[in-house]
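Colleague: Next comes the structure file run-v2.pdb, holding PDB, C-alpha atoms.
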```pdb
ATOM      1  CA  MET A   1       0.000   0.000   0.000
ATOM      2  CA  ASN A   2       2.303   2.718  -1.237
ATOM      3  CA  ARG A   3      -0.313   4.787  -3.065
ATOM      4  CA  ILE A   4      -3.469   6.598  -2.093
ATOM      5  CA  ASN A   5      -6.312   4.926  -3.980
ATOM      6  CA  SER A   6      -9.372   6.055  -2.010
ATOM      7  CA  LYS A   7     -10.633   8.669   0.453
ATOM      8  CA  LYS A   8     -10.046   6.139   3.247
ATOM      9  CA  ASP A   9      -6.418   5.717   2.150
ATOM     10  CA  LEU A  10      -6.020   9.508   2.222
ATOM     11  CA  GLN A  11      -7.294   9.632   5.804
ATOM     12  CA  ASP A  12      -5.050   6.715   6.815
ATOM     13  CA  PHE A  13      -1.951   8.296   5.233
ATOM     14  CA  LEU A  14      -2.665  11.674   6.859
ATOM     15  CA  GLU A  15      -3.173  10.055  10.259
ATOM     16  CA  ALA A  16       0.003   7.960   9.926
ATOM     17  CA  ASP A  17       1.972  11.093   8.963
ATOM     18  CA  ARG A  18       0.524  13.033  11.933
ATOM     19  CA  VAL A  19       1.479  10.268  14.358
ATOM     20  CA  ARG A  20       5.030   9.954  12.940
ATOM     21  CA  LEU A  21       5.492  13.726  13.181
ATOM     22  CA  LYS A  22       4.468  13.438  16.868
ATOM     23  CA  LYS A  23       1.654  15.961  16.552
ATOM     24  CA  ASN A  24      -0.832  15.401  19.362
ATOM     25  CA  TYR A  25      -3.359  17.834  17.883
ATOM     26  CA  LYS A  26      -5.574  17.274  14.841
ATOM     27  CA  SER A  27      -4.652  20.183  12.554
ATOM     28  CA  PRO A  28      -1.513  22.290  11.972
ATOM     29  CA  LYS A  29      -0.980  25.449  14.006
ATOM     30  CA  LEU A  30      -1.457  28.753  12.212
ATOM     31  CA  PHE A  31       2.129  30.083  12.287
ATOM     32  CA  SER A  32       4.147  26.899  12.530
ATOM     33  CA  ASP A  33       3.950  23.297  11.377
ATOM     34  CA  ASP A  34       5.143  24.110   7.836
ATOM     35  CA  ILE A  35       6.452  20.593   7.270
ATOM     36  CA  TRP A  36       3.151  19.087   8.371
ATOM     37  CA  ARG A  37       1.304  21.481   6.047
ATOM     38  CA  PHE A  38       3.602  20.369   3.212
ATOM     39  CA  GLN A  39       2.829  16.718   3.902
ATOM     40  CA  ILE A  40      -0.927  17.404   3.957
ATOM     41  CA  LEU A  41      -0.657  19.161   0.588
ATOM     42  CA  LEU A  42       1.429  16.266  -0.772
ATOM     43  CA  ARG A  43      -1.182  13.717   0.313
ATOM     44  CA  LYS A  44      -4.106  15.764  -1.044
ATOM     45  CA  CYS A  45      -2.354  16.070  -4.414
ATOM     46  CA  GLU A  46      -1.732  12.325  -4.449
ATOM     47  CA  TYR A  47      -5.413  11.681  -3.721
ATOM     48  CA  TYR A  48      -6.726  14.009  -6.423
ATOM     49  CA  LYS A  49      -4.209  12.770  -8.990
ATOM     50  CA  ASN A  50      -4.876   9.069  -8.312
ATOM     51  CA  CYS A  51      -8.603   9.059  -7.530
ATOM     52  CA  ARG A  52     -10.449  12.027  -8.985
ATOM     53  CA  LYS A  53     -10.467  11.881 -12.777
ATOM     54  CA  ASP A  54     -13.615  14.017 -13.185
ATOM     55  CA  VAL A  55     -13.437  17.669 -14.295
ATOM     56  CA  PHE A  56     -14.047  19.035 -10.796
ATOM     57  CA  GLY A  57     -11.389  16.709  -9.367
ATOM     58  CA  LYS A  58      -8.869  17.873 -11.974
ATOM     59  CA  LEU A  59      -9.547  21.517 -11.091
ATOM     60  CA  ILE A  60      -9.091  20.841  -7.386
ATOM     61  CA  TYR A  61      -5.896  18.904  -8.178
ATOM     62  CA  LYS A  62      -4.488  21.915 -10.045
ATOM     63  CA  TYR A  63      -5.266  24.147  -7.057
ATOM     64  CA  TRP A  64      -3.595  21.798  -4.544
ATOM     65  CA  ARG A  65      -0.675  21.239  -6.916
ATOM     66  CA  TYR A  66      -0.062  25.002  -7.077
ATOM     67  CA  GLN A  67      -0.180  25.240  -3.277
ATOM     68  CA  LEU A  68       2.218  22.297  -2.997
ATOM     69  CA  ALA A  69       4.656  23.905  -5.451
ATOM     70  CA  ARG A  70       4.677  27.135  -3.432
ATOM     71  CA  LYS A  71       5.252  25.286  -0.154
ATOM     72  CA  SER A  72       7.955  23.098  -1.770
ATOM     73  CA  ILE A  73       9.894  26.156  -2.873
ATOM     74  CA  SER A  74       9.666  27.828   0.523
ATOM     75  CA  LEU A  75      10.877  24.688   2.348
ATOM     76  CA  GLY A  76      13.469  23.554  -0.223
ATOM     77  CA  PHE A  77      11.808  20.203  -0.975
ATOM     78  CA  SER A  78      11.673  18.526  -4.362
ATOM     79  CA  ILE A  79       9.481  15.544  -3.552
ATOM     80  CA  PRO A  80       7.284  14.104  -6.318
ATOM     81  CA  LEU A  81       3.898  12.502  -5.780
ATOM     82  CA  ASN A  82       3.438   8.814  -4.926
ATOM     83  CA  CYS A  83       6.978   8.127  -3.714
ATOM     84  CA  PHE A  84       6.404   7.660   0.015
ATOM     85  CA  GLY A  85       4.177   5.233   1.859
ATOM     86  CA  PRO A  86       2.195   6.213   4.963
ATOM     87  CA  GLY A  87       3.998   7.528   8.028
ATOM     88  CA  LEU A  88       6.405   9.960   6.354
ATOM     89  CA  CYS A  89       8.410  12.031   8.837
ATOM     90  CA  ILE A  90      10.455  14.920   7.426
ATOM     91  CA  LYS A  91      12.623  16.244  10.250
ATOM     92  CA  HIS A  92      13.910  19.627   8.987
ATOM     93  CA  TYR A  93      13.483  22.319   6.348
ATOM     94  CA  GLY A  94      16.140  22.334   3.662
ATOM     95  CA  THR A  95      17.151  20.622   0.487
ATOM     96  CA  ILE A  96      15.561  17.227  -0.066
ATOM     97  CA  VAL A  97      15.594  15.970  -3.661
ATOM     98  CA  ILE A  98      13.812  12.757  -4.627
ATOM     99  CA  ASN A  99      13.612  11.235  -8.135
ATOM    100  CA  GLY A 100      10.058  10.554  -9.329
ATOM    101  CA  ASN A 101      10.826   6.865  -9.968
ATOM    102  CA  THR A 102      11.849   6.241  -6.371
ATOM    103  CA  THR A 103       9.645   4.094  -4.128
ATOM    104  CA  ILE A 104       9.912   4.321  -0.350
ATOM    105  CA  GLY A 105       7.831   2.221   2.038
ATOM    106  CA  ALA A 106       5.918   3.081   5.195
ATOM    107  CA  ASN A 107       7.329   4.912   8.215
ATOM    108  CA  CYS A 108      10.290   6.627   6.576
ATOM    109  CA  THR A 109      12.202   9.285   8.486
ATOM    110  CA  ILE A 110      14.179  11.642   6.272
ATOM    111  CA  HIS A 111      16.477  14.525   7.174
ATOM    112  CA  VAL A 112      17.866  17.589   5.414
ATOM    113  CA  CYS A 113      20.258  17.542   2.414
ATOM    114  CA  VAL A 114      19.195  14.088   1.225
ATOM    115  CA  ASN A 115      19.356  13.208  -2.482
ATOM    116  CA  ILE A 116      17.730  10.066  -3.852
ATOM    117  CA  GLY A 117      18.021   9.603  -7.596
ATOM    118  CA  SER A 118      19.267   7.728 -10.620
ATOM    119  CA  LYS A 119      22.619   7.408 -12.314
ATOM    120  CA  PRO A 120      23.233   9.513 -15.443
ATOM    121  CA  ASN A 121      21.396   8.172 -18.510
ATOM    122  CA  GLU A 122      19.471   5.698 -16.377
ATOM    123  CA  LEU A 123      15.782   5.724 -15.403
ATOM    124  CA  LYS A 124      15.809   3.321 -12.465
ATOM    125  CA  SER A 125      15.928   4.776  -8.967
ATOM    126  CA  PRO A 126      16.217   3.257  -5.494
ATOM    127  CA  ILE A 127      13.481   1.120  -3.989
ATOM    128  CA  ILE A 128      13.506   1.378  -0.203
ATOM    129  CA  GLY A 129      11.493  -0.793   2.186
ATOM    130  CA  ASP A 130       9.539   0.089   5.320
ATOM    131  CA  ASP A 131      10.941   1.728   8.465
ATOM    132  CA  ALA A 132      13.880   3.460   6.780
ATOM    133  CA  TYR A 133      15.877   6.159   8.541
ATOM    134  CA  ILE A 134      17.824   8.455   6.220
ATOM    135  CA  ALA A 135      20.202  10.748   8.114
ATOM    136  CA  PRO A 136      21.310  14.256   7.027
ATOM    137  CA  GLY A 137      23.368  14.484   3.858
ATOM    138  CA  ALA A 138      22.785  10.913   2.666
ATOM    139  CA  LYS A 139      22.948  10.247  -1.069
ATOM    140  CA  LEU A 140      21.279   7.195  -2.628
ATOM    141  CA  TYR A 141      21.416   6.598  -6.349
ATOM    142  CA  GLY A 142      21.066   4.007  -9.065
ATOM    143  CA  ASP A 143      19.128   0.799  -9.525
ATOM    144  CA  ILE A 144      19.385  -0.344  -5.903
ATOM    145  CA  VAL A 145      17.046  -2.111  -3.492
ATOM    146  CA  LEU A 146      17.200  -1.554   0.254
ATOM    147  CA  GLY A 147      15.115  -3.813   2.473
ATOM    148  CA  ASP A 148      13.107  -2.990   5.582
ATOM    149  CA  ASN A 149      14.648  -1.461   8.729
ATOM    150  CA  VAL A 150      17.556   0.261   7.015
ATOM    151  CA  PHE A 151      19.472   3.013   8.807
ATOM    152  CA  ILE A 152      21.524   5.199   6.472
ATOM    153  CA  GLY A 153      24.125   7.266   8.319
ATOM    154  CA  ALA A 154      24.944  10.927   7.873
ATOM    155  CA  ASN A 155      26.653  11.757   4.566
ATOM    156  CA  ALA A 156      26.619   8.110   3.450
ATOM    157  CA  VAL A 157      26.688   7.433  -0.294
ATOM    158  CA  VAL A 158      24.662   4.322  -1.103
ATOM    159  CA  ASN A 159      25.137   2.882  -4.602
ATOM    160  CA  LYS A 160      24.770  -0.868  -3.905
ATOM    161  CA  SER A 161      21.732  -2.949  -2.967
ATOM    162  CA  PHE A 162      21.119  -4.391   0.480
ATOM    163  CA  PRO A 163      17.815  -6.194  -0.139
ATOM    164  CA  ASP A 164      17.801  -8.159   3.133
ATOM    165  CA  GLY A 165      17.403  -4.989   5.212
ATOM    166  CA  ASN A 166      18.054  -4.786   8.963
ATOM    167  CA  VAL A 167      21.334  -3.018   8.304
ATOM    168  CA  THR A 168      23.138   0.206   9.201
ATOM    169  CA  LEU A 169      24.988   1.769   6.259
ATOM    170  CA  VAL A 170      27.750   4.353   6.710
ATOM    171  CA  GLY A 171      30.618   5.790   4.713
ATOM    172  CA  ILE A 172      31.547   6.634   1.148
ATOM    173  CA  PRO A 173      30.699   4.278  -0.471
ATOM    174  CA  ALA A 174      28.298   2.968   2.140
ATOM    175  CA  LYS A 175      29.165  -0.277   3.889
ATOM    176  CA  PRO A 176      27.248  -2.156   6.569
ATOM    177  CA  ILE A 177      28.486  -1.946  10.154
ATOM    178  CA  ASN A 178      27.777  -4.129  13.151
ATOM    179  CA  ALA A 179      25.635  -2.417  15.727
TER
END
```
Once you've parsed the file, please lay out its structure as structure tokens.

Modeller:
Amino acid sequence: MNRINSKKDLQDFLEADRVRLKKNYKSPKLFSDDIWRFQILLRKCEYYKNCRKDVFGKLIYKYWRYQLARKSISLGFSIPLNCFGPGLCIKHYGTIVINGNTTIGANCTIHVCVNIGSKPNELKSPIIGDDAYIAPGAKLYGDIVLGDNVFIGANAVVNKSFPDGNVTLVGIPAKPINA
């Protein structure tokens, strides 16, 4: 379940995101919670793009897409639709760049200055399982698969697959360490 395919999915994704962001109130505060507002806009755009193909739905999608673009610019995020599963937790403002072909499972925590993309002249991007933690400055690129419960250390450069998961990756290039 990595995509929003119904109104119920939208509600479930929004609730999972709220819980992962540790917000114990139901809606964002007026002058703060910019990251939470971004995630709400992201999820609404995903819903309208995936589920509402009627004329009214397309108009609403264009409105939410414009709002998302404005918020993305102000926060420094370049995160395409339908990449993250439920429970996304973005920790800080700042540059986060994700390739549109990337797939990331549920309960991902991502920090500032993270780049996830493809190699030059290649379309395939990383596929990352559930419960991933991506520390500040990490770079992941190429046709790689990372399993569930992966911890990627600060400034690590991951260019090889670790499909079994349950691993901590550090260094340039990233190598597993014993915890």

Colleague: Please measure the separation of atom CA of A:Leu140 and atom CA of A:Lys23, giving the value in Å to one decimal.

Modeller: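 Straight-line distance from atom CA of A:Leu140 to atom CA of A:Lys23 works out to 28.8 Å.
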
Colleague: Quick one: which residues end up in the PyMOL selection byres ((chain A and resi 113) around 6) for this structure, as a list in words?

Modeller: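 Selected by the PyMOL selection byres ((chain A and resi 113) around 6) in this file: Thr95, Ile96, Val112, Val114, Pro136 and Gly137 of chain A.
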
Colleague: Take atom CA of A:Asp130 and atom CA of A:Pro86 and report the distance between them in Å, one decimal.

Modeller: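 Distance reported for this atom pair: 9.6 Å.
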
Colleague: Quick check on the file I pasted: which residues fall under the PyMOL selection byres ((chain A and resi 43-56) around 8)? Write them as a PDB file with C-alpha atoms, keeping the file's coordinate frame.

Modeller:
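Written out: out.pdb:
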```pdb
ATOM      1  CA  ARG A   3      -0.313   4.787  -3.065  1.00  0.00           C
ATOM      2  CA  ILE A   4      -3.469   6.598  -2.093  1.00  0.00           C
ATOM      3  CA  ASN A   5      -6.312   4.926  -3.980  1.00  0.00           C
ATOM      4  CA  SER A   6      -9.372   6.055  -2.010  1.00  0.00           C
ATOM      5  CA  LYS A   7     -10.633   8.669   0.453  1.00  0.00           C
ATOM      6  CA  LEU A  10      -6.020   9.508   2.222  1.00  0.00           C
ATOM      7  CA  PHE A  13      -1.951   8.296   5.233  1.00  0.00           C
ATOM      8  CA  LEU A  14      -2.665  11.674   6.859  1.00  0.00           C
ATOM      9  CA  GLN A  39       2.829  16.718   3.902  1.00  0.00           C
ATOM     10  CA  ILE A  40      -0.927  17.404   3.957  1.00  0.00           C
ATOM     11  CA  LEU A  41      -0.657  19.161   0.588  1.00  0.00           C
ATOM     12  CA  LEU A  42       1.429  16.266  -0.772  1.00  0.00           C
ATOM     13  CA  GLY A  57     -11.389  16.709  -9.367  1.00  0.00           C
ATOM     14  CA  LYS A  58      -8.869  17.873 -11.974  1.00  0.00           C
ATOM     15  CA  LEU A  59      -9.547  21.517 -11.091  1.00  0.00           C
ATOM     16  CA  ILE A  60      -9.091  20.841  -7.386  1.00  0.00           C
ATOM     17  CA  TYR A  61      -5.896  18.904  -8.178  1.00  0.00           C
ATOM     18  CA  TRP A  64      -3.595  21.798  -4.544  1.00  0.00           C
ATOM     19  CA  ARG A  65      -0.675  21.239  -6.916  1.00  0.00           C
ATOM     20  CA  LEU A  68       2.218  22.297  -2.997  1.00  0.00           C
ATOM     21  CA  LEU A  81       3.898  12.502  -5.780  1.00  0.00           C
ATOM     22  CA  ASN A  82       3.438   8.814  -4.926  1.00  0.00           C
TER      23      ASN A  82
END
```

Colleague: Just want the 10 Å neighbourhood of A:Ile177, counted on all atoms listed in the file, with same-chain residues fewer than 4 positions away dropped. Output as a ChimeraX atom specification.

Modeller: /A:167-171

Colleague: For a cutoff of 12 Å around the file-coordinate point (-2.0, 25.6, 8.2), which residues qualify once you count all atoms listed in the file? I'd like the result as a list of chain:residue names.

Modeller: A:Lys26, A:Ser27, A:Pro28, A:Lys29, A:Leu30, A:Phe31, A:Ser32, A:Asp33, A:Asp34, A:Ile35, A:Trp36, A:Arg37, A:Phe38, A:Gln39, A:Ile40, A:Leu41, A:Gln67, A:Lys71

Colleague: Residues at most 9 Å from A:Ile134, counting all atoms listed in the file, excluding those fewer than 4 positions away in the same chain, as a PyMOL selection string?

Modeller: chain A and resi 108-111+114+138+150-154

Colleague: Take atom CA of A:Asn107 and atom CA of A:Asn24 and report the distance between them in Å, one decimal.

Modeller: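 That distance, rounded to one decimal, is 17.3 Å.
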
Colleague: Go through the shown structure with the PyMOL selection byres ((chain A and resi 157) around 7) and write out the matching residues as a PyMOL selection string.

Modeller: chain A and resi 138-140+155-156+158-159+171-174

Colleague: Of the candidates A:Cys89, A:Leu21, A:Cys83, A:Leu146, which one gets nearest to A:Thr103 if we count all atoms listed in the file?

Modeller: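 Distance minimum relative to A:Thr103 lands on A:Cys83.
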
Colleague: With 3 Å added on each side, what axis-aligned box encloses every listed atom of stretch 34-38 of chain A? Give the centre and edge lengths in Å to one decimal, as JSON.

Modeller:
```
{"center_x": 3.9, "center_y": 21.6, "center_z": 5.8, "size_x": 11.1, "size_y": 11.0, "size_z": 11.2}
```

Colleague: Name the residues in contact with A:Gly147 at a cut-off of 12 Å, using all atoms listed in the file, excluding same-chain residues fewer than 6 positions from it; report them as a ChimeraX atom specification.

Modeller: /A:103-106,126-133,160-169

Colleague: Could you add N, CA and C atoms to stretch 72-101 of chain A and give me the result as a PDB file, keeping the file's coordinate frame?

Modeller:
```
ATOM      1  N   SER A  72       6.705  23.801  -1.458  1.00  0.00           N
ATOM      2  CA  SER A  72       7.955  23.098  -1.770  1.00  0.00           C
ATOM      3  C   SER A  72       9.108  24.071  -1.940  1.00  0.00           C
ATOM      4  N   ILE A  73       8.853  25.150  -2.648  1.00  0.00           N
ATOM      5  CA  ILE A  73       9.894  26.156  -2.873  1.00  0.00           C
ATOM      6  C   ILE A  73      10.307  26.808  -1.563  1.00  0.00           C
ATOM      7  N   SER A  74       9.334  27.139  -0.731  1.00  0.00           N
ATOM      8  CA  SER A  74       9.666  27.828   0.523  1.00  0.00           C
ATOM      9  C   SER A  74      10.427  26.921   1.493  1.00  0.00           C
ATOM     10  N   LEU A  75      10.198  25.603   1.434  1.00  0.00           N
ATOM     11  CA  LEU A  75      10.877  24.688   2.348  1.00  0.00           C
ATOM     12  C   LEU A  75      12.139  24.063   1.753  1.00  0.00           C
ATOM     13  N   GLY A  76      12.300  24.130   0.429  1.00  0.00           N
ATOM     14  CA  GLY A  76      13.469  23.554  -0.223  1.00  0.00           C
ATOM     15  C   GLY A  76      13.299  22.089  -0.571  1.00  0.00           C
ATOM     16  N   PHE A  77      12.072  21.613  -0.678  1.00  0.00           N
ATOM     17  CA  PHE A  77      11.808  20.203  -0.975  1.00  0.00           C
ATOM     18  C   PHE A  77      11.518  20.025  -2.458  1.00  0.00           C
ATOM     19  N   SER A  78      12.039  18.954  -3.023  1.00  0.00           N
ATOM     20  CA  SER A  78      11.673  18.526  -4.362  1.00  0.00           C
ATOM     21  C   SER A  78      11.259  17.065  -4.242  1.00  0.00           C
ATOM     22  N   ILE A  79      10.007  16.876  -3.825  1.00  0.00           N
ATOM     23  CA  ILE A  79       9.481  15.544  -3.552  1.00  0.00           C
ATOM     24  C   ILE A  79       8.290  15.312  -4.461  1.00  0.00           C
ATOM     25  N   PRO A  80       8.399  14.379  -5.407  1.00  0.00           N
ATOM     26  CA  PRO A  80       7.284  14.104  -6.318  1.00  0.00           C
ATOM     27  C   PRO A  80       6.179  13.303  -5.632  1.00  0.00           C
ATOM     28  N   LEU A  81       5.048  13.233  -6.312  1.00  0.00           N
ATOM     29  CA  LEU A  81       3.898  12.502  -5.780  1.00  0.00           C
ATOM     30  C   LEU A  81       4.139  10.993  -5.847  1.00  0.00           C
ATOM     31  N   ASN A  82       3.485  10.284  -4.945  1.00  0.00           N
ATOM     32  CA  ASN A  82       3.438   8.814  -4.926  1.00  0.00           C
ATOM     33  C   ASN A  82       4.785   8.138  -4.735  1.00  0.00           C
ATOM     34  N   CYS A  83       5.690   8.759  -4.013  1.00  0.00           N
ATOM     35  CA  CYS A  83       6.978   8.127  -3.714  1.00  0.00           C
ATOM     36  C   CYS A  83       6.985   7.476  -2.336  1.00  0.00           C
ATOM     37  N   PHE A  84       6.347   8.100  -1.373  1.00  0.00           N
ATOM     38  CA  PHE A  84       6.404   7.660   0.015  1.00  0.00           C
ATOM     39  C   PHE A  84       5.137   6.936   0.432  1.00  0.00           C
ATOM     40  N   GLY A  85       5.300   5.904   1.241  1.00  0.00           N
ATOM     41  CA  GLY A  85       4.177   5.233   1.859  1.00  0.00           C
ATOM     42  C   GLY A  85       3.686   6.032   3.053  1.00  0.00           C
ATOM     43  N   PRO A  86       2.720   5.498   3.799  1.00  0.00           N
ATOM     44  CA  PRO A  86       2.195   6.213   4.963  1.00  0.00           C
ATOM     45  C   PRO A  86       3.244   6.342   6.066  1.00  0.00           C
ATOM     46  N   GLY A  87       3.102   7.353   6.898  1.00  0.00           N
ATOM     47  CA  GLY A  87       3.998   7.528   8.028  1.00  0.00           C
ATOM     48  C   GLY A  87       5.277   8.263   7.696  1.00  0.00           C
ATOM     49  N   LEU A  88       5.241   9.153   6.714  1.00  0.00           N
ATOM     50  CA  LEU A  88       6.405   9.960   6.354  1.00  0.00           C
ATOM     51  C   LEU A  88       6.709  10.947   7.476  1.00  0.00           C
ATOM     52  N   CYS A  89       7.987  11.075   7.805  1.00  0.00           N
ATOM     53  CA  CYS A  89       8.410  12.031   8.837  1.00  0.00           C
ATOM     54  C   CYS A  89       9.613  12.803   8.307  1.00  0.00           C
ATOM     55  N   ILE A  90       9.381  14.040   7.872  1.00  0.00           N
ATOM     56  CA  ILE A  90      10.455  14.920   7.426  1.00  0.00           C
ATOM     57  C   ILE A  90      10.887  15.727   8.644  1.00  0.00           C
ATOM     58  N   LYS A  91      12.158  15.657   8.997  1.00  0.00           N
ATOM     59  CA  LYS A  91      12.623  16.244  10.250  1.00  0.00           C
ATOM     60  C   LYS A  91      12.953  17.738  10.181  1.00  0.00           C
ATOM     61  N   HIS A  92      13.452  18.240   9.038  1.00  0.00           N
ATOM     62  CA  HIS A  92      13.910  19.627   8.987  1.00  0.00           C
ATOM     63  C   HIS A  92      13.591  20.261   7.635  1.00  0.00           C
ATOM     64  N   TYR A  93      13.530  21.586   7.615  1.00  0.00           N
ATOM     65  CA  TYR A  93      13.483  22.319   6.348  1.00  0.00           C
ATOM     66  C   TYR A  93      14.823  22.121   5.669  1.00  0.00           C
ATOM     67  N   GLY A  94      14.881  22.367   4.393  1.00  0.00           N
ATOM     68  CA  GLY A  94      16.140  22.334   3.662  1.00  0.00           C
ATOM     69  C   GLY A  94      16.049  21.432   2.458  1.00  0.00           C
ATOM     70  N   THR A  95      17.131  21.332   1.756  1.00  0.00           N
ATOM     71  CA  THR A  95      17.151  20.622   0.487  1.00  0.00           C
ATOM     72  C   THR A  95      16.907  19.130   0.667  1.00  0.00           C
ATOM     73  N   ILE A  96      15.829  18.654   0.071  1.00  0.00           N
ATOM     74  CA  ILE A  96      15.561  17.227  -0.066  1.00  0.00           C
ATOM     75  C   ILE A  96      15.132  17.027  -1.511  1.00  0.00           C
ATOM     76  N   VAL A  97      15.875  16.205  -2.251  1.00  0.00           N
ATOM     77  CA  VAL A  97      15.594  15.970  -3.661  1.00  0.00           C
ATOM     78  C   VAL A  97      15.362  14.479  -3.869  1.00  0.00           C
ATOM     79  N   ILE A  98      14.192  14.146  -4.399  1.00  0.00           N
ATOM     80  CA  ILE A  98      13.812  12.757  -4.627  1.00  0.00           C
ATOM     81  C   ILE A  98      13.446  12.598  -6.108  1.00  0.00           C
ATOM     82  N   ASN A  99      13.960  11.554  -6.748  1.00  0.00           N
ATOM     83  CA  ASN A  99      13.612  11.235  -8.135  1.00  0.00           C
ATOM     84  C   ASN A  99      12.193  10.668  -8.172  1.00  0.00           C
ATOM     85  N   GLY A 100      11.441  10.988  -9.207  1.00  0.00           N
ATOM     86  CA  GLY A 100      10.058  10.554  -9.329  1.00  0.00           C
ATOM     87  C   GLY A 100       9.875   9.057  -9.473  1.00  0.00           C
ATOM     88  N   ASN A 101      10.919   8.314  -9.827  1.00  0.00           N
ATOM     89  CA  ASN A 101      10.826   6.865  -9.968  1.00  0.00           C
ATOM     90  C   ASN A 101      11.153   6.120  -8.685  1.00  0.00           C
TER      91      ASN A 101
END
```
